[in-house]
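Contents: one structure, followed by commentary.
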Number of protein chains: 4
Amino acid sequence: MSKKIFEIDLSKKMHEQKHPGHNRWHPDIPAAFSVDPGESFKMECLDWTDGQISNNDDPSDIAKVNLKRVHVLSGPVHVNGVEPGDLLVVDILDIGTFSSHEWGFNGIFAKENGGSFLVDHYPDAAKSIWDFEGIYATSRHVPNVRFAGIIHPGLIGVAPSQELLDEWNRREKELVDKDPQRVPPLAELPDADSTVLGTLKGEDYDRVAKEGARTVPPRENGGNCDIKNLSKGSRIYFPVFVEGAKLSVGDLHFSQGDGEITFCGGIEIPGWIELKVNVIKGGMKKYKIEKNPAFQPGPVMPHYNEYLVFEGVSVSELDGTQQYLDANTAYRNACLNAIEYMKTLGFTGEQAYMLLGSAPVQGNIGGIVDIPNACCTLSLPKEIFDQNIIPEID
Amino acid sequence: MSKKIFEIDLSKKMHEQKHPGHNRWHPDIPAAFSVDPGESFKMECLDWTDGQISNNDDPSDIAKVNLKRVHVLSGPVHVNGVEPGDLLVVDILDIGTFSSHEWGFNGIFAKENGGSFLVDHYPDAAKSIWDFEGIYATSRHVPNVRFAGIIHPGLIGVAPSQELLDEWNRREKELVDKDPQRVPPLAELPDADSTVLGTLKGEDYDRVAKEGARTVPPRENGGNCDIKNLSKGSRIYFPVFVEGAKLSVGDLHFSQGDGEITFCGGIEIPGWIELKVNVIKGGMKKYKIEKNPAFQPGPVMPHYNEYLVFEGVSVSELDGTQQYLDANTAYRNACLNAIEYMKTLGFTGEQAYMLLGSAPVQGNIGGIVDIPNACCTLSLPKEIFDQNIIPEID
Amino acid sequence: MSKKIFEIDLSKKMHEQKHPGHNRWHPDIPAAFSVDPGESFKMECLDWTDGQISNNDDPSDIAKVNLKRVHVLSGPVHVNGVEPGDLLVVDILDIGTFSSHEWGFNGIFAKENGGSFLVDHYPDAAKSIWDFEGIYATSRHVPNVRFAGIIHPGLIGVAPSQELLDEWNRREKELVDKDPQRVPPLAELPDADSTVLGTLKGEDYDRVAKEGARTVPPRENGGNCDIKNLSKGSRIYFPVFVEGAKLSVGDLHFSQGDGEITFCGGIEIPGWIELKVNVIKGGMKKYKIEKNPAFQPGPVMPHYNEYLVFEGVSVSELDGTQQYLDANTAYRNACLNAIEYMKTLGFTGEQAYMLLGSAPVQGNIGGIVDIPNACCTLSLPKEIFDQNIIPEID
Amino acid sequence: MSKKIFEIDLSKKMHEQKHPGHNRWHPDIPAAFSVDPGESFKMECLDWTDGQISNNDDPSDIAKVNLKRVHVLSGPVHVNGVEPGDLLVVDILDIGTFSSHEWGFNGIFAKENGGSFLVDHYPDAAKSIWDFEGIYATSRHVPNVRFAGIIHPGLIGVAPSQELLDEWNRREKELVDKDPQRVPPLAELPDADSTVLGTLKGEDYDRVAKEGARTVPPRENGGNCDIKNLSKGSRIYFPVFVEGAKLSVGDLHFSQGDGEITFCGGIEIPGWIELKVNVIKGGMKKYKIEKNPAFQPGPVMPHYNEYLVFEGVSVSELDGTQQYLDANTAYRNACLNAIEYMKTLGFTGEQAYMLLGSAPVQGNIGGIVDIPNACCTLSLPKEIFDQNIIPEID
């Protein structure tokens with residue numbers, strides 16, 4: 001039986017919890033717990049915004065969300081005997097919702113506050129609340145669909161070393177400096193505002209708050225990868241950069257479409273996760289898993305397998321400019337093509353957009369060498385709709 | 001029973017065939033055949049290079065391939081009664097190899113002649129020959145793997161209207177003009193050299209050869225999408241731009257990995273394809289399938305479902321520069337991570353690279369909003385290896 | 001959010017619970033709760049034996065189990081407005097274990113007390129305890145295997161009408177009368193010993209205890225079907241025989257192989273189930289679902305799909321006698337063939353047998369018309385073993 | 001490339017072919033060809049009835065079929081160096097139809113001539129012709145369905161030793177002797193009428209014709225197993241009983257439902273099969289594959305995975321008699337329940353019955369120990385219907 005090591009009180013903010021978590025990456029954030037290789041344990045998590053979004057029909061909380069607060073994470077967990085150069089093996093044994101909180105939210109961030117993948121087309125905030133009935137999600141804001149969730153942590157990662165952290169801060173600052181006034185910004189740099197750093201206090205707190213990397217991007221340590229298939233039964237191999245690895249987790253999603261295109265996000269939930277850790281000594285070099293984690297997906301994902309697939313190529317949808325093998329533009333066009341199609345089924349654009357962010361849609365790279373057009377596809381599972389979504393032949 | 005409408009003699013070049021095909025897109029290339037909606041028919045295809053690559057161990061044919069010759073296509077087929085604004089519905093009823101030609105090729109193009117997705121890491125030409133035993137492929141050049149093909153047309157599309165063709169030529173020229181000397185080039189513009197244009201002759205030939213768009217990129221008409229799942233049993237919905245739609249097909253692949261990252265290409269073959277056509281009158285507006293085709297995949301793809309997944313984020317692997325949500329860089333890193341891992345299994349870098357281009361590997365978009373890092377994944381099917389490829393826990 | 005309507009105290013026997021359940025089928029067992037069509041609710045269940053089996057290495061509890069006590073069921077639930085002739089639609093929204101009870105048992109019943117499918121080969125009692133780590137099960141008694149459960153209710157059904165009950169008792173008595181002394185018996189007839197009948201008392205209790213059908217066999221009302229794929233997300237259509245339908249559930253399995261061949265049984269657990277009910281008025285006639293339930297399986301079963309398949313035909317394995325198209329003999333031979341094979345992998349016969357009862361093995365009917373031999377198959381998933389189980393070619 | 005070793009002329013009967021095949025099992029039928037372990041080769045096959053059934057709407061050919069003629073097989077193939085006690089490993093590399101014969105037949109045998117699984121309910125002959133469009137089958141006789149075939153050999157096996165043959169003839173005669181006048185018969189004994197025995201002549205022919213076992217039942221040598229998943233890419237492990245193994249194949253099916261319940265049969269076709277053979281010396285003992293073949297299914301079966309499932313239990317549908325754990329009765333009831341349901345969708349009983357014999361329906365054993373009722377299920381794939389087949393909630 002797994003021991004419970006990180007309990008959460010849903011009525012409190014992260015810094016008020018018995019074990020305050022953290023919302024920045026830094027090697028000096030103290031571990032909340034220690035476990036041995038071979039142990040399994042349960043951790044509870046708040047939703048990524050620290051409870052800023054309410055179960056109602058008003059998107060103004062999405063519009064005004066304090067993004068400096070995200071992502072509130074549970075951890076770090078120190079794994080005894082694990083050292084830099086090792087691989088930390090993490091099994092996601094199970095994940096679930098709280099029976100007292102059987103709903104989640106998806107939203108489109110406003111251009112002025114975060115933006116999203118289709119920000120030029122959908123610049124305003126929107127919100128959808130998703131209710132859970134067992135393994136299924138439905139939404140009063142996106143009617144006529146129902147799907148089984150592929151519940152997963154949007155964010156799971158280990159602590160960076162000081163050197164790696166410095167490298168992150170250097171490279172991201174260089175990017176921001178190219179256009180510091182851009183809305184939305186090119187990256188989020190360290191910012192002490194709204195920071196939670198576990199039990200750190202005083203000067204240590206101040207230093208770490210000033211240096212700590214934001215949790216928004218995925219990086220060498222895993223982090224906010226938002227990979228929808230990293231679900232129950234998966235086994236992850238993390239490169240280890242600090243003593244004890246310092247594993248943290250949060251940003252649980254009941255479900256998400258590939259790309260998490262609305263940015264806020266998948267179907268965002270508080271919940272619990274059951275993990276087991278092991279170690280491969282010296283595994284980073286042995287297996288050359290040095291730059292990013294690798295993983296094996298679990299065996300229980302919903303096997304939807306009838307799809308309607310939309311294609312997109314890398315020509316700008318705004319002005320017809322030809323881009324060079326740009327997968328982002330290609331996938332954006334595939335998404336827009338899907339949304340326009342879904343409007344013919346009776347959805348509004350915002351509903352269709354939020355569905356693409358929430359449902360288990362597949363985003364694939366088709367061809368990425370056929371100059372000058374990349375081709376990406378978006379696959380929409382037919383089975384989640386309560387109507388036939390396939391075009392009818394005359 | 002399907003009628004045979006485009007027969008190929010494997011010993012002849014495309015312009016010498018009884019029905020010469022074409023290797024450029026232009027509305028004025030005459031149809032080779034006409035069919036009625038509801039009809040099914042079989043077409044034969046040469047490999048995309050028009051037979052330039054030999055079944056041997058020497059990659060010099062890949063290095064020196066004449067890329068102005070590609071892709072030699074079978075067609076166009078005029079579908080009676082189909083008009084601009086309609087959707088042409090095309091069922092891929094079946095696809096196969098010739099029993100006299102049970103092998104195909106994959107190659108890495110040299111930097112000087114085409115290049116590939118990992119051109120900065122693998123600038124030299126390489127070649128792998130794949131032999132077929134029924135549904136399976138193996139290669140003497142990439143030992144210890146065996147997989148079932150997802151046979152598909154890399155290229156299937158309809159003719160552009162003159163307006164659409166003009167738009168293609170305009171936007172692609174603008175891109176090339178940004179760096180006309182680039183190696184490899186940003187795009188391939190119309191070029192009369194090595195052109196095949198069906199039965200066109202004289203002035204018409206000269207005009208069309210001068211204007212005809214290259215077949216390399218996927219565009220609004222479908223074309224060279226290189227989507228590995230567009231296989232047997234798929235149904236495609238093409239927007240129609242000219243009277244009769246003028247459907248063409250070629251570039252058959254026995255198998256391909258998402259991205260076709262070696263550029264040459266998947267496992268390239270001559271072969272045959274059995275199609276059926278239908279029409280949805282006025283379907284482009286009705287279903288808003290106007291910019292690119294949409295499709296339903298068929299039900300018989302190999303159901304490999306145990307994967308080892310590699311992640312990549314959008315930090316340049318060459319100099320550590322931070323890119324902004326760049327899915328290309330992220331997928332490139334996922335590919336490189338997979339290749340480095342596969343080297344620990346005994347493959348050379350080139351073997352691993354060609355395997356990623358040939359086998360049914362999945363390329364997915366993970367998160368594409370988590371500024372500044374996009375996250376892409378490459379999923380490698382375990383079942384295709386004759387050894388265990390999973391890291392072992394101490 | 002689902003309401004909780006049937007709570008269980010794991011330290012008490014079924015007749016001591018706040019809401020005592022039942023272990024016989026009878027129309028007059030009073031409903032424990034009422035719900036409306038459209039409502040969802042959670043019920044808790046004891047294991048089928050009412051807690052007779054302990055988590056230890058001694059099979060004597062299996063050998064001496066009181067089979068008159070089984071199956072202790074939670075319910076009945078009265079669904080308001082539902083009448084005979086309707087279809088009761090039951091969604092299995094979710095199922096789970098108790099976090100305080102993360103283990104289950106499988107066992108072979110002794111010939112003298114229950115017997116099993118291979119009773120002539122394995123006449124003695126045996127037991128295996130299975131421990132759960134999230135979605136996975138392992139056993140100290142059957143080493144070197146690990147698999148994701150397909151958790152399901154072995155038994156779910158509605159109450160019979162008095163007429164239907166009488167018919168059951170008639171036909172089963174006729175069978176027993178053919179060989180009343182048989183060991184194991186041909187059927188279990190009503191027996192007042194160890195009976196639990198909800199809140200019934202006095203004369204009503206006595207009458208119902210005397211008439212109530214045993215819960216062992218599946219019948220027209222569903223009941224103990226032991227269908228391993230009737231898991232999370234399934235929707236069942238029950239014919240309705242009494243006012244309110246009177247739905248009951250129990251005998252939860254963490255996992256089971258097709259056939260539940262060890263009889264005790266799958267991996268037997270206490271746990272909870274979340275259900276939702278709807279009604280199709282007059283649905284029995286409309287859809288001709290009159291004799292047995294029909295159902296749609298859910299979308300989240302483990303997608304193991306590499307199998308080693310064993311065949312069996314209907315020739316008696318004991319004396320070589322030819323049977324006529326007998327699927328039982330054919331499946332028994334397929335099971336025995338699989339067990340003999342697994343012994344070459346290092347399992348004992350009992351371990352292999354219990355694994356076939358516990359793991360998600362498929363039992364299929366191959367050909368059932370090819371006189372005189374039926375052919376059945378047993379498919380063993382390769383992925384559940386930590387060694388390669390496939391024969392190696394020289 | 002595979003060599004072609006058994007070519008068929010579709011206009012001739014089996015005994016008139018260049019290489020006459022055989023329709024009895026006997027060790028002394030001479031091999032038609034020899035191959036080495038490691039070789040792959042193509043064989044062509046006639047349909048199992050030797051061309052007795054025509055593509056028309058009249059079932060009288062089904063009613064009057066000469067069953068003494070079945071199954072006409074291609075082979076035997078002698079595998080060099082293979083001896084009794086070895087395992088013969090056979091890869092089914094590919095299977096296909098002839099482009100000149102893109103149709104197949106399914107039929108219900110009449111009670112007087114063969115009968116079928118539901119003979120008491122459907123005693124009269126019926127026929128359905130299925131037309132192929134690439135991977136798909138449709139029928140003018142069973143409208144509104146379309147499915148991808150899982151093409152497979154209904155019959156593939158090796159020759160018995162004389163001892164094994166004698167055992168077959170002994171045990172089957174004993175069965176027939178129990179009710180020699182039964183219609184349909186309990187088994188088919190050796191019968192020289194309509195026999196084809198390769199190149200055998202004179203006394204040898206007479207002796208073998210008299211002794212040769214009928215090919216109808218599956219037995220220790222594999223044979224007529226009618227396993228629908230033994231399709232492309234499968235690898236079979238055959239016990240070897242005679243020098244050279246003497247492999248034969250025939251009875252190709254474009255598709256079949258589990259059980260092949262109409263008896264005639266799946267969708268019956270002539271066609272070709274590509275095989276590869278290997279050997280495991282002494283494999284019978286080593287792997288205890290001694291009584292029947294074992295196999296691994298291939299990776300390209302249609303992945304239909306939305307089902308409507310019907311249950312059946314072992315109570316006689318004719319007179320309500322309780323059977324003891326009888327899987328045949330249970331599966332028969334599941335089939336009958338499915339047919340009654342399908343009638344509410346607009347099919348006739350015969351159409352529904354023939355669809356269950358032809359389409360990829362799954363037949364599974366649910367519980368086979370819950371005395372006195374076995375429970376079997378029949379799973380009907382939703383995707384093959386052009387209408388929604390799921391009951392609608394009010």
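Residue names in the structure tokens use chain letters A, B, ... in the order shown, residue numbers from 1 in each chain, and ligand numbers from 1 in the order shown.
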Neighbouring residues of stretch 206-214 of chain D were defined as those with any atom within 12 Å, considering only C-alpha atoms; residues of the same chain fewer than 3 positions away were excluded. Please report them as a PDB file with C-alpha atoms, in the first residue's frame.
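This went into selection-v5.pdb:
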```pdb
ATOM      1  CA  ASP C 370     -16.728 -28.492 -38.077  1.00  0.00           C
ATOM      2  CA  ILE C 371     -18.088 -31.864 -36.995  1.00  0.00           C
ATOM      3  CA  PRO C 372     -17.159 -33.406 -34.700  1.00  0.00           C
ATOM      4  CA  ASN C 373     -14.558 -30.980 -33.318  1.00  0.00           C
TER       5      ASN C 373
ATOM      6  CA  HIS D  22      -5.916 -33.275 -51.954  1.00  0.00           C
ATOM      7  CA  ASN D  23      -9.063 -33.397 -49.848  1.00  0.00           C
ATOM      8  CA  ARG D  24      -8.217 -36.015 -47.259  1.00  0.00           C
ATOM      9  CA  TRP D  25      -5.537 -36.246 -44.539  1.00  0.00           C
ATOM     10  CA  HIS D  26      -3.108 -39.133 -44.902  1.00  0.00           C
ATOM     11  CA  PRO D  27       0.668 -39.480 -44.381  1.00  0.00           C
ATOM     12  CA  ASP D  28       1.105 -41.175 -47.749  1.00  0.00           C
ATOM     13  CA  ILE D  29      -0.226 -38.407 -49.948  1.00  0.00           C
ATOM     14  CA  PRO D  30       2.943 -37.436 -51.821  1.00  0.00           C
ATOM     15  CA  LEU D  67     -19.776 -32.298 -49.213  1.00  0.00           C
ATOM     16  CA  LYS D  68     -17.677 -35.340 -49.960  1.00  0.00           C
ATOM     17  CA  ARG D  69     -15.592 -33.100 -52.183  1.00  0.00           C
ATOM     18  CA  VAL D  70     -14.464 -30.701 -49.404  1.00  0.00           C
ATOM     19  CA  HIS D  71     -11.979 -29.263 -48.575  1.00  0.00           C
ATOM     20  CA  VAL D  72      -9.776 -29.149 -51.650  1.00  0.00           C
ATOM     21  CA  LEU D  73      -6.329 -28.240 -50.347  1.00  0.00           C
ATOM     22  CA  ALA D 159       0.011 -34.496 -42.191  1.00  0.00           C
ATOM     23  CA  PRO D 160      -0.797 -36.978 -39.420  1.00  0.00           C
ATOM     24  CA  SER D 161       1.336 -40.017 -38.771  1.00  0.00           C
ATOM     25  CA  GLN D 162      -0.288 -43.353 -39.482  1.00  0.00           C
ATOM     26  CA  GLU D 163      -0.771 -43.860 -35.737  1.00  0.00           C
ATOM     27  CA  LEU D 164      -2.454 -40.494 -35.323  1.00  0.00           C
ATOM     28  CA  LEU D 165      -4.646 -41.119 -38.340  1.00  0.00           C
ATOM     29  CA  ASP D 166      -5.710 -44.480 -36.930  1.00  0.00           C
ATOM     30  CA  GLU D 167      -6.584 -42.795 -33.654  1.00  0.00           C
ATOM     31  CA  TRP D 168      -8.712 -40.216 -35.456  1.00  0.00           C
ATOM     32  CA  ASN D 169     -10.582 -42.874 -37.378  1.00  0.00           C
ATOM     33  CA  ARG D 170     -11.121 -44.921 -34.232  1.00  0.00           C
ATOM     34  CA  ARG D 171     -12.487 -42.151 -32.046  1.00  0.00           C
ATOM     35  CA  GLU D 172     -14.682 -40.636 -34.724  1.00  0.00           C
ATOM     36  CA  LYS D 173     -16.185 -43.965 -35.641  1.00  0.00           C
ATOM     37  CA  ALA D 187     -19.025 -36.913 -37.820  1.00  0.00           C
ATOM     38  CA  GLU D 188     -17.882 -37.661 -41.361  1.00  0.00           C
ATOM     39  CA  LEU D 189     -15.916 -40.877 -41.682  1.00  0.00           C
ATOM     40  CA  PRO D 190     -13.476 -41.766 -44.476  1.00  0.00           C
ATOM     41  CA  ASP D 191     -15.235 -42.047 -47.821  1.00  0.00           C
ATOM     42  CA  ALA D 192     -13.576 -42.749 -51.151  1.00  0.00           C
ATOM     43  CA  ASP D 193     -16.257 -40.875 -53.071  1.00  0.00           C
ATOM     44  CA  SER D 194     -15.023 -37.583 -54.635  1.00  0.00           C
ATOM     45  CA  THR D 195     -11.582 -38.042 -53.206  1.00  0.00           C
ATOM     46  CA  VAL D 196      -8.556 -36.142 -54.563  1.00  0.00           C
ATOM     47  CA  LEU D 197      -5.161 -37.424 -53.453  1.00  0.00           C
ATOM     48  CA  GLY D 198      -2.507 -35.553 -55.383  1.00  0.00           C
ATOM     49  CA  THR D 199      -0.593 -37.771 -57.766  1.00  0.00           C
ATOM     50  CA  LEU D 200      -1.477 -41.043 -56.074  1.00  0.00           C
ATOM     51  CA  LYS D 201      -2.691 -43.821 -58.339  1.00  0.00           C
ATOM     52  CA  GLY D 202      -3.752 -47.427 -58.352  1.00  0.00           C
ATOM     53  CA  GLU D 203      -3.598 -49.441 -55.184  1.00  0.00           C
ATOM     54  CA  PRO D 217     -12.749 -31.101 -38.183  1.00  0.00           C
ATOM     55  CA  PRO D 218      -9.735 -29.370 -36.669  1.00  0.00           C
ATOM     56  CA  ARG D 219      -7.477 -31.884 -34.976  1.00  0.00           C
ATOM     57  CA  ASN D 221      -2.441 -31.278 -36.829  1.00  0.00           C
ATOM     58  CA  GLY D 223      -6.438 -28.369 -39.972  1.00  0.00           C
ATOM     59  CA  ASN D 224      -9.838 -26.760 -40.266  1.00  0.00           C
TER      60      ASN D 224
END
```
| Residue neighbourhood D:Asn229, 8 Å, only C-alpha atoms, exclusion window fewer than 3 positions, as an MDAnalysis selection string | chainID D and resid 150 152 297:298 301
Serialized selection, C-alpha atoms, as a PDB file, in the first residue's frame:
```pdb
ATOM      1  CA  ILE D 150      -9.531 -10.260 -41.831  1.00  0.00           C
ATOM      2  CA  HIS D 152      -7.191 -15.937 -43.344  1.00  0.00           C
ATOM      3  CA  PRO D 297      -1.671 -13.327 -34.439  1.00  0.00           C
ATOM      4  CA  GLY D 298      -0.428 -10.712 -36.889  1.00  0.00           C
ATOM      5  CA  MET D 301      -6.286  -6.899 -38.078  1.00  0.00           C
TER       6      MET D 301
END
```
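We find atom CA of D:Ile261 and atom CA of D:Val369 to be spaced 23.9 Å apart.
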| query | Please, which residues of chain B lie no more than 9 Å from chain C when the count uses only C-alpha atoms, and can they be set out as an NGL selection string? | reply | :B and (303-306 or 383)
Keeping C-alpha atoms for every residue in the selection just given, could you write it to a file as a compact mmCIF listing (two decimals), in the first residue's frame?
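What landed in selection_33.txt:
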```txt
# COMPACT_ATOMS: atom_id res chain seq x y z
CA HIS B 303 -1.73 -1.78 -34.01
CA TYR B 304 1.67 -1.47 -32.47
CA ASN B 305 0.97 0.05 -29.10
CA GLU B 306 3.92 -0.32 -26.83
CA GLU B 383 7.56 -4.47 -31.12
```
| message | For stretch 125-130 of chain D, find every residue with an atom within 9 Å (counting only C-alpha atoms), except residues of its own chain fewer than 5 positions away, and show them as a VMD selection string. | response | chain D and resid 54 to 64 102 to 111 113 115 137 to 142 264 267 350 to 351 354
Same residues, C-alpha atoms, output as a compact mmCIF listing (two decimals), in the first residue's frame:
```txt
# COMPACT_ATOMS: atom_id res chain seq x y z
CA SER D 54 -21.95 -19.65 -58.25
CA ASN D 55 -22.22 -15.89 -58.04
CA ASN D 56 -25.99 -15.64 -58.36
CA ASP D 57 -29.09 -15.30 -56.18
CA ASP D 58 -30.11 -18.94 -56.12
CA PRO D 59 -29.18 -20.98 -53.03
CA SER D 60 -29.83 -24.34 -54.63
CA ASP D 61 -26.11 -24.91 -55.16
CA ILE D 62 -25.63 -24.48 -51.42
CA ALA D 63 -28.52 -26.84 -50.76
CA LYS D 64 -27.12 -29.56 -53.00
CA GLU D 102 -13.29 -10.38 -56.38
CA TRP D 103 -16.22 -12.02 -54.67
CA GLY D 104 -16.92 -14.77 -52.16
CA PHE D 105 -19.87 -16.66 -50.76
CA ASN D 106 -21.43 -17.40 -47.40
CA GLY D 107 -24.25 -19.81 -46.91
CA ILE D 108 -26.42 -21.66 -44.46
CA PHE D 109 -26.31 -25.38 -45.08
CA ALA D 110 -29.64 -27.18 -45.16
CA LYS D 111 -30.45 -29.53 -42.32
CA ASN D 113 -27.03 -31.61 -46.12
CA GLY D 115 -26.74 -28.28 -41.21
CA ALA D 137 -16.74 -6.45 -48.39
CA THR D 138 -20.36 -5.67 -49.15
CA SER D 139 -23.27 -7.88 -50.18
CA ARG D 140 -26.37 -7.33 -52.26
CA HIS D 141 -27.93 -10.05 -50.09
CA VAL D 142 -27.14 -8.39 -46.74
CA CYS D 264 -20.74 -22.50 -45.27
CA ILE D 267 -16.79 -15.56 -46.84
CA GLU D 350 -31.34 -15.22 -42.49
CA GLN D 351 -29.51 -11.98 -43.29
CA MET D 354 -25.27 -14.85 -42.46
```
| So which residues of stretch 88-246 of chain D fall under strand (DSSP E or B) by DSSP, listed as a VMD selection string? | chain D and resid 88 to 96 103 to 108 126 to 133 136 to 139 145 147 to 148 152 to 158 197 213 to 214 218 to 219 222 to 223 235 to 239
| task | Run DSSP on the backbone and give me the residues of stretch 164-373 of chain C it puts in helix (DSSP H, G or I), as a PyMOL selection string. | result | chain C and resi 164-177+202-211+283-287+327-343+349-358
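Interatomic distance, atom CA of A:Pro185 to atom CA of A:Gly367: 29.6 Å.
From atom CA of A:Val361 back to atom CA of B:Leu325, the distance works out to 19.7 Å.
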